[in-house]
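Single-structure report; data block below.
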Amino acid sequence: MLILNTSFHVHLNFDSEFKEWVRRTYIPSAVRSGLLTSPRFAALLIEVQEECVSYAVSFEAETAENAVEWHDNEGAELRAELHKRFGEGVVFFTTYMEELPLDC
């Protein structure tokens with residue numbers, strides 16, 4: 001199982017509009033693709049930058065190929081839309097993570 005996590009740092013001026021975009025556009029698009037499942041939307045409880053809030057949006061993918069396919073295609077289009085809409089008011093980075101078994 002692979003986890004695709006994108007962290008977003010959002011200026012307070014865009015917070016409400018950003019959260020609505022994630023809930024109505026970003027997450028539904030990812031799930032509709034059939035490549036990603038189990039969406040999670042979480043607020044970071046630390047301040048990364050003054051006058052900003054931070055969020056993590058993560059999904060599960062059966063394979064690395066599925067995660068990369070969505071991230072590099074539909075996800076890239078959505079992030080470009082996000083940048084066009086909010087400019088430098090929202091910045092982001094993506095991390096691919098492999099889920100490890102709990103037994104050592």
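Every chain in the structure tokens takes a letter, A first, then B, and so on in the order presented; its residues are numbered from 1, and the ligands are numbered from 1 following the presented order.
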* **Selection near A:Thr95, 7 Å with only C-alpha atoms, sequence-local residues under 2 positions removed, as a list in words** =>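 Skipping anything fewer than 2 positions along the chain leaves Leu4, Asn5, Thr6, Phe93 and Met97 of chain A.
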For stretch 77-92 of chain A, please output as a PDB file with all heavy atoms, in the first residue's frame all residues within 9 Å (counting only C-alpha atoms; exclusion window: fewer than 5 positions along the same chain).
ATOM      1  N   THR A   6      -0.103  15.196   0.116  1.00  0.00           N
ATOM      2  CA  THR A   6       0.266  16.538  -0.313  1.00  0.00           C
ATOM      3  C   THR A   6      -0.008  17.489   0.838  1.00  0.00           C
ATOM      4  O   THR A   6      -1.119  17.514   1.380  1.00  0.00           O
ATOM      5  CB  THR A   6      -0.510  16.974  -1.569  1.00  0.00           C
ATOM      6  OG1 THR A   6      -0.260  16.014  -2.604  1.00  0.00           O
ATOM      7  CG2 THR A   6      -0.058  18.353  -2.039  1.00  0.00           C
ATOM      8  N   SER A   7       1.032  18.215   1.227  1.00  0.00           N
ATOM      9  CA  SER A   7       0.909  19.222   2.279  1.00  0.00           C
ATOM     10  C   SER A   7       0.727  20.582   1.626  1.00  0.00           C
ATOM     11  O   SER A   7       1.401  20.905   0.642  1.00  0.00           O
ATOM     12  CB  SER A   7       2.162  19.235   3.156  1.00  0.00           C
ATOM     13  OG  SER A   7       2.288  17.999   3.831  1.00  0.00           O
ATOM     14  N   PHE A   8      -0.195  21.351   2.166  1.00  0.00           N
ATOM     15  CA  PHE A   8      -0.516  22.677   1.648  1.00  0.00           C
ATOM     16  C   PHE A   8      -0.312  23.705   2.756  1.00  0.00           C
ATOM     17  O   PHE A   8      -0.749  23.487   3.885  1.00  0.00           O
ATOM     18  CB  PHE A   8      -1.981  22.746   1.198  1.00  0.00           C
ATOM     19  CG  PHE A   8      -2.332  21.828   0.074  1.00  0.00           C
ATOM     20  CD1 PHE A   8      -2.783  20.542   0.324  1.00  0.00           C
ATOM     21  CD2 PHE A   8      -2.241  22.251  -1.245  1.00  0.00           C
ATOM     22  CE1 PHE A   8      -3.136  19.692  -0.716  1.00  0.00           C
ATOM     23  CE2 PHE A   8      -2.586  21.406  -2.292  1.00  0.00           C
ATOM     24  CZ  PHE A   8      -3.032  20.126  -2.028  1.00  0.00           C
ATOM     25  N   HIS A   9       0.325  24.809   2.430  1.00  0.00           N
ATOM     26  CA  HIS A   9       0.469  25.931   3.352  1.00  0.00           C
ATOM     27  C   HIS A   9      -0.338  27.067   2.754  1.00  0.00           C
ATOM     28  O   HIS A   9      -0.089  27.489   1.615  1.00  0.00           O
ATOM     29  CB  HIS A   9       1.936  26.300   3.531  1.00  0.00           C
ATOM     30  CG  HIS A   9       2.758  25.120   3.965  1.00  0.00           C
ATOM     31  ND1 HIS A   9       2.550  24.458   5.157  1.00  0.00           N
ATOM     32  CD2 HIS A   9       3.743  24.454   3.338  1.00  0.00           C
ATOM     33  CE1 HIS A   9       3.403  23.449   5.262  1.00  0.00           C
ATOM     34  NE2 HIS A   9       4.125  23.418   4.156  1.00  0.00           N
ATOM     35  N   VAL A  10      -1.320  27.550   3.505  1.00  0.00           N
ATOM     36  CA  VAL A  10      -2.353  28.437   2.985  1.00  0.00           C
ATOM     37  C   VAL A  10      -2.371  29.740   3.773  1.00  0.00           C
ATOM     38  O   VAL A  10      -2.497  29.724   5.015  1.00  0.00           O
ATOM     39  CB  VAL A  10      -3.737  27.748   3.092  1.00  0.00           C
ATOM     40  CG1 VAL A  10      -4.837  28.627   2.532  1.00  0.00           C
ATOM     41  CG2 VAL A  10      -3.720  26.382   2.421  1.00  0.00           C
ATOM     42  N   HIS A  11      -2.268  30.869   3.068  1.00  0.00           N
ATOM     43  CA  HIS A  11      -2.391  32.162   3.739  1.00  0.00           C
ATOM     44  C   HIS A  11      -3.804  32.274   4.298  1.00  0.00           C
ATOM     45  O   HIS A  11      -4.770  31.827   3.675  1.00  0.00           O
ATOM     46  CB  HIS A  11      -2.105  33.307   2.760  1.00  0.00           C
ATOM     47  CG  HIS A  11      -1.970  34.611   3.461  1.00  0.00           C
ATOM     48  ND1 HIS A  11      -3.058  35.378   3.811  1.00  0.00           N
ATOM     49  CD2 HIS A  11      -0.865  35.265   3.923  1.00  0.00           C
ATOM     50  CE1 HIS A  11      -2.637  36.462   4.433  1.00  0.00           C
ATOM     51  NE2 HIS A  11      -1.307  36.421   4.525  1.00  0.00           N
ATOM     52  N   LEU A  12      -3.917  32.889   5.465  1.00  0.00           N
ATOM     53  CA  LEU A  12      -5.214  32.989   6.139  1.00  0.00           C
ATOM     54  C   LEU A  12      -6.295  33.627   5.255  1.00  0.00           C
ATOM     55  O   LEU A  12      -7.469  33.296   5.388  1.00  0.00           O
ATOM     56  CB  LEU A  12      -5.068  33.787   7.439  1.00  0.00           C
ATOM     57  CG  LEU A  12      -4.273  33.094   8.545  1.00  0.00           C
ATOM     58  CD1 LEU A  12      -4.029  34.047   9.708  1.00  0.00           C
ATOM     59  CD2 LEU A  12      -4.971  31.835   9.007  1.00  0.00           C
ATOM     60  N   ASN A  13      -5.922  34.524   4.362  1.00  0.00           N
ATOM     61  CA  ASN A  13      -6.903  35.169   3.475  1.00  0.00           C
ATOM     62  C   ASN A  13      -7.625  34.167   2.575  1.00  0.00           C
ATOM     63  O   ASN A  13      -8.719  34.454   2.096  1.00  0.00           O
ATOM     64  CB  ASN A  13      -6.227  36.209   2.580  1.00  0.00           C
ATOM     65  CG  ASN A  13      -5.742  37.413   3.342  1.00  0.00           C
ATOM     66  OD1 ASN A  13      -6.171  37.682   4.457  1.00  0.00           O
ATOM     67  ND2 ASN A  13      -4.817  38.144   2.745  1.00  0.00           N
ATOM     68  N   PHE A  14      -7.008  33.006   2.322  1.00  0.00           N
ATOM     69  CA  PHE A  14      -7.567  32.028   1.385  1.00  0.00           C
ATOM     70  C   PHE A  14      -8.080  30.767   2.072  1.00  0.00           C
ATOM     71  O   PHE A  14      -8.508  29.830   1.389  1.00  0.00           O
ATOM     72  CB  PHE A  14      -6.513  31.631   0.348  1.00  0.00           C
ATOM     73  CG  PHE A  14      -5.968  32.800  -0.430  1.00  0.00           C
ATOM     74  CD1 PHE A  14      -4.629  33.123  -0.349  1.00  0.00           C
ATOM     75  CD2 PHE A  14      -6.798  33.566  -1.222  1.00  0.00           C
ATOM     76  CE1 PHE A  14      -4.114  34.195  -1.064  1.00  0.00           C
ATOM     77  CE2 PHE A  14      -6.303  34.638  -1.943  1.00  0.00           C
ATOM     78  CZ  PHE A  14      -4.953  34.961  -1.862  1.00  0.00           C
ATOM     79  N   PHE A  18      -9.955  27.780   0.136  1.00  0.00           N
ATOM     80  CA  PHE A  18      -9.093  26.622  -0.114  1.00  0.00           C
ATOM     81  C   PHE A  18      -9.757  25.341   0.393  1.00  0.00           C
ATOM     82  O   PHE A  18      -9.805  24.334  -0.317  1.00  0.00           O
ATOM     83  CB  PHE A  18      -7.726  26.804   0.555  1.00  0.00           C
ATOM     84  CG  PHE A  18      -6.914  25.553   0.545  1.00  0.00           C
ATOM     85  CD1 PHE A  18      -6.255  25.153  -0.607  1.00  0.00           C
ATOM     86  CD2 PHE A  18      -6.846  24.753   1.672  1.00  0.00           C
ATOM     87  CE1 PHE A  18      -5.532  23.963  -0.632  1.00  0.00           C
ATOM     88  CE2 PHE A  18      -6.119  23.572   1.659  1.00  0.00           C
ATOM     89  CZ  PHE A  18      -5.462  23.174   0.503  1.00  0.00           C
ATOM     90  N   TRP A  21     -12.411  24.211  -1.859  1.00  0.00           N
ATOM     91  CA  TRP A  21     -11.845  23.654  -3.095  1.00  0.00           C
ATOM     92  C   TRP A  21     -11.368  22.219  -2.875  1.00  0.00           C
ATOM     93  O   TRP A  21     -11.608  21.336  -3.712  1.00  0.00           O
ATOM     94  CB  TRP A  21     -10.698  24.539  -3.590  1.00  0.00           C
ATOM     95  CG  TRP A  21     -10.042  24.043  -4.825  1.00  0.00           C
ATOM     96  CD1 TRP A  21     -10.455  24.232  -6.110  1.00  0.00           C
ATOM     97  CD2 TRP A  21      -8.849  23.255  -4.903  1.00  0.00           C
ATOM     98  NE1 TRP A  21      -9.587  23.618  -6.990  1.00  0.00           N
ATOM     99  CE2 TRP A  21      -8.601  23.014  -6.269  1.00  0.00           C
ATOM    100  CE3 TRP A  21      -7.966  22.744  -3.955  1.00  0.00           C
ATOM    101  CZ2 TRP A  21      -7.508  22.269  -6.703  1.00  0.00           C
ATOM    102  CZ3 TRP A  21      -6.883  22.007  -4.385  1.00  0.00           C
ATOM    103  CH2 TRP A  21      -6.659  21.778  -5.747  1.00  0.00           C
ATOM    104  N   THR A  25     -13.514  19.765  -5.014  1.00  0.00           N
ATOM    105  CA  THR A  25     -12.829  19.555  -6.283  1.00  0.00           C
ATOM    106  C   THR A  25     -11.710  18.528  -6.183  1.00  0.00           C
ATOM    107  O   THR A  25     -11.714  17.514  -6.881  1.00  0.00           O
ATOM    108  CB  THR A  25     -12.258  20.890  -6.814  1.00  0.00           C
ATOM    109  OG1 THR A  25     -13.332  21.833  -6.920  1.00  0.00           O
ATOM    110  CG2 THR A  25     -11.590  20.714  -8.168  1.00  0.00           C
ATOM    111  N   TYR A  26     -10.727  18.784  -5.313  1.00  0.00           N
ATOM    112  CA  TYR A  26      -9.507  17.973  -5.257  1.00  0.00           C
ATOM    113  C   TYR A  26      -9.800  16.528  -4.840  1.00  0.00           C
ATOM    114  O   TYR A  26      -9.443  15.588  -5.547  1.00  0.00           O
ATOM    115  CB  TYR A  26      -8.517  18.633  -4.311  1.00  0.00           C
ATOM    116  CG  TYR A  26      -7.109  18.107  -4.384  1.00  0.00           C
ATOM    117  CD1 TYR A  26      -6.276  18.426  -5.448  1.00  0.00           C
ATOM    118  CD2 TYR A  26      -6.583  17.311  -3.366  1.00  0.00           C
ATOM    119  CE1 TYR A  26      -4.971  17.975  -5.511  1.00  0.00           C
ATOM    120  CE2 TYR A  26      -5.277  16.851  -3.421  1.00  0.00           C
ATOM    121  CZ  TYR A  26      -4.477  17.182  -4.486  1.00  0.00           C
ATOM    122  OH  TYR A  26      -3.187  16.727  -4.543  1.00  0.00           O
ATOM    123  N   SER A  29     -12.147  14.519  -7.289  1.00  0.00           N
ATOM    124  CA  SER A  29     -11.437  14.193  -8.521  1.00  0.00           C
ATOM    125  C   SER A  29     -10.518  12.993  -8.329  1.00  0.00           C
ATOM    126  O   SER A  29     -10.469  12.091  -9.165  1.00  0.00           O
ATOM    127  CB  SER A  29     -10.634  15.406  -8.980  1.00  0.00           C
ATOM    128  OG  SER A  29      -9.833  15.068 -10.079  1.00  0.00           O
ATOM    129  N   CYS A  52      -0.286  31.803   8.212  1.00  0.00           N
ATOM    130  CA  CYS A  52      -0.672  30.677   7.353  1.00  0.00           C
ATOM    131  C   CYS A  52      -1.183  29.531   8.210  1.00  0.00           C
ATOM    132  O   CYS A  52      -0.826  29.398   9.379  1.00  0.00           O
ATOM    133  CB  CYS A  52       0.516  30.181   6.537  1.00  0.00           C
ATOM    134  SG  CYS A  52       1.003  31.299   5.226  1.00  0.00           S
ATOM    135  N   HIS A  71      -0.932  11.729  -9.716  1.00  0.00           N
ATOM    136  CA  HIS A  71      -0.181  12.926  -9.318  1.00  0.00           C
ATOM    137  C   HIS A  71       0.355  13.693 -10.525  1.00  0.00           C
ATOM    138  O   HIS A  71       0.273  14.922 -10.573  1.00  0.00           O
ATOM    139  CB  HIS A  71       0.974  12.526  -8.392  1.00  0.00           C
ATOM    140  CG  HIS A  71       1.806  13.674  -7.986  1.00  0.00           C
ATOM    141  ND1 HIS A  71       2.921  14.083  -8.698  1.00  0.00           N
ATOM    142  CD2 HIS A  71       1.700  14.536  -6.951  1.00  0.00           C
ATOM    143  CE1 HIS A  71       3.449  15.130  -8.116  1.00  0.00           C
ATOM    144  NE2 HIS A  71       2.730  15.427  -7.051  1.00  0.00           N
ATOM    145  N   ASP A  72       0.911  12.982 -11.497  1.00  0.00           N
ATOM    146  CA  ASP A  72       1.572  13.631 -12.629  1.00  0.00           C
ATOM    147  C   ASP A  72       0.614  14.075 -13.728  1.00  0.00           C
ATOM    148  O   ASP A  72       1.006  14.825 -14.616  1.00  0.00           O
ATOM    149  CB  ASP A  72       2.616  12.698 -13.231  1.00  0.00           C
ATOM    150  CG  ASP A  72       3.808  12.488 -12.311  1.00  0.00           C
ATOM    151  OD1 ASP A  72       3.886  13.152 -11.256  1.00  0.00           O
ATOM    152  OD2 ASP A  72       4.661  11.651 -12.650  1.00  0.00           O
TER     153      ASP A  72
END
* Asked: Quick one: of A:Glu99, A:Arg32, A:Thr37, A:Asp15, who's nearest to A:Glu51, counting only C-alpha atoms?
  ->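 The closest residue to A:Glu51 is A:Asp15.
Atom pair atom CA of A:Leu100 / atom CA of A:Leu2: separated by 9.4 Å.
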* **Every residue of chain A that DSSP places in strand (DSSP E or B), as a ChimeraX atom specification** => /A:2-11,37-43,52-61,90-98
Filtering to N, CA and C atoms, could you give me those residues as a compact mmCIF listing (two decimals), in the first residue's frame?
# COMPACT_ATOMS: atom_id res chain seq x y z
N LEU A 2 0.55 2.18 -0.84
CA LEU A 2 1.30 3.43 -0.94
C LEU A 2 0.40 4.57 -0.47
N ILE A 3 0.98 5.55 0.19
CA ILE A 3 0.25 6.74 0.61
C ILE A 3 0.78 7.92 -0.18
N LEU A 4 -0.12 8.65 -0.79
CA LEU A 4 0.21 9.87 -1.51
C LEU A 4 -0.27 11.03 -0.64
N ASN A 5 0.67 11.81 -0.14
CA ASN A 5 0.34 12.91 0.77
C ASN A 5 0.80 14.23 0.16
N THR A 6 -0.10 15.20 0.12
CA THR A 6 0.27 16.54 -0.31
C THR A 6 -0.01 17.49 0.84
N SER A 7 1.03 18.21 1.23
CA SER A 7 0.91 19.22 2.28
C SER A 7 0.73 20.58 1.63
N PHE A 8 -0.20 21.35 2.17
CA PHE A 8 -0.52 22.68 1.65
C PHE A 8 -0.31 23.70 2.76
N HIS A 9 0.32 24.81 2.43
CA HIS A 9 0.47 25.93 3.35
C HIS A 9 -0.34 27.07 2.75
N VAL A 10 -1.32 27.55 3.51
CA VAL A 10 -2.35 28.44 2.98
C VAL A 10 -2.37 29.74 3.77
N HIS A 11 -2.27 30.87 3.07
CA HIS A 11 -2.39 32.16 3.74
C HIS A 11 -3.80 32.27 4.30
N THR A 37 -7.78 5.97 -3.17
CA THR A 37 -8.89 5.70 -2.26
C THR A 37 -8.58 6.30 -0.89
N SER A 38 -9.53 6.16 0.01
CA SER A 38 -9.37 6.50 1.43
C SER A 38 -8.83 7.92 1.67
N PRO A 39 -9.54 8.93 1.16
CA PRO A 39 -9.04 10.29 1.36
C PRO A 39 -9.04 10.71 2.83
N ARG A 40 -8.06 11.49 3.18
CA ARG A 40 -7.96 12.10 4.51
C ARG A 40 -7.59 13.56 4.33
N PHE A 41 -8.23 14.43 5.10
CA PHE A 41 -7.97 15.87 5.06
C PHE A 41 -7.73 16.29 6.49
N ALA A 42 -6.51 16.71 6.79
CA ALA A 42 -6.14 17.02 8.17
C ALA A 42 -5.46 18.38 8.28
N ALA A 43 -5.72 19.04 9.39
CA ALA A 43 -5.04 20.29 9.70
C ALA A 43 -3.79 19.98 10.50
N CYS A 52 -0.29 31.80 8.21
CA CYS A 52 -0.67 30.68 7.35
C CYS A 52 -1.18 29.53 8.21
N VAL A 53 -2.03 28.72 7.60
CA VAL A 53 -2.44 27.45 8.20
C VAL A 53 -1.98 26.36 7.25
N SER A 54 -1.78 25.18 7.77
CA SER A 54 -1.26 24.08 6.95
C SER A 54 -2.18 22.88 7.04
N TYR A 55 -2.25 22.18 5.92
CA TYR A 55 -3.11 21.00 5.80
C TYR A 55 -2.37 19.88 5.10
N ALA A 56 -2.81 18.66 5.35
CA ALA A 56 -2.32 17.49 4.63
C ALA A 56 -3.53 16.79 4.03
N VAL A 57 -3.42 16.46 2.75
CA VAL A 57 -4.45 15.69 2.07
C VAL A 57 -3.77 14.40 1.59
N SER A 58 -4.28 13.27 2.06
CA SER A 58 -3.63 12.01 1.69
C SER A 58 -4.65 11.01 1.15
N PHE A 59 -4.11 10.11 0.35
CA PHE A 59 -4.89 9.04 -0.27
C PHE A 59 -4.07 7.76 -0.21
N GLU A 60 -4.74 6.65 -0.38
CA GLU A 60 -4.06 5.37 -0.53
C GLU A 60 -4.11 4.97 -1.99
N ALA A 61 -3.05 4.30 -2.44
CA ALA A 61 -2.99 3.77 -3.80
C ALA A 61 -2.49 2.33 -3.71
N VAL A 90 -1.04 29.95 -1.71
CA VAL A 90 -1.08 28.53 -1.35
C VAL A 90 0.14 27.87 -1.99
N VAL A 91 0.96 27.26 -1.15
CA VAL A 91 2.10 26.50 -1.65
C VAL A 91 1.95 25.06 -1.18
N PHE A 92 2.60 24.14 -1.88
CA PHE A 92 2.38 22.73 -1.57
C PHE A 92 3.58 21.90 -1.97
N PHE A 93 3.64 20.70 -1.40
CA PHE A 93 4.61 19.70 -1.81
C PHE A 93 4.01 18.32 -1.57
N THR A 94 4.44 17.36 -2.36
CA THR A 94 3.89 16.01 -2.29
C THR A 94 4.96 15.02 -1.85
N THR A 95 4.53 14.06 -1.04
CA THR A 95 5.40 13.00 -0.56
C THR A 95 4.74 11.65 -0.82
N TYR A 96 5.52 10.72 -1.36
CA TYR A 96 5.05 9.34 -1.53
C TYR A 96 5.58 8.55 -0.33
N MET A 97 4.70 7.80 0.31
CA MET A 97 5.11 7.03 1.48
C MET A 97 4.64 5.59 1.33
N GLU A 98 5.45 4.68 1.80
CA GLU A 98 5.06 3.26 1.80
C GLU A 98 4.60 2.88 3.19
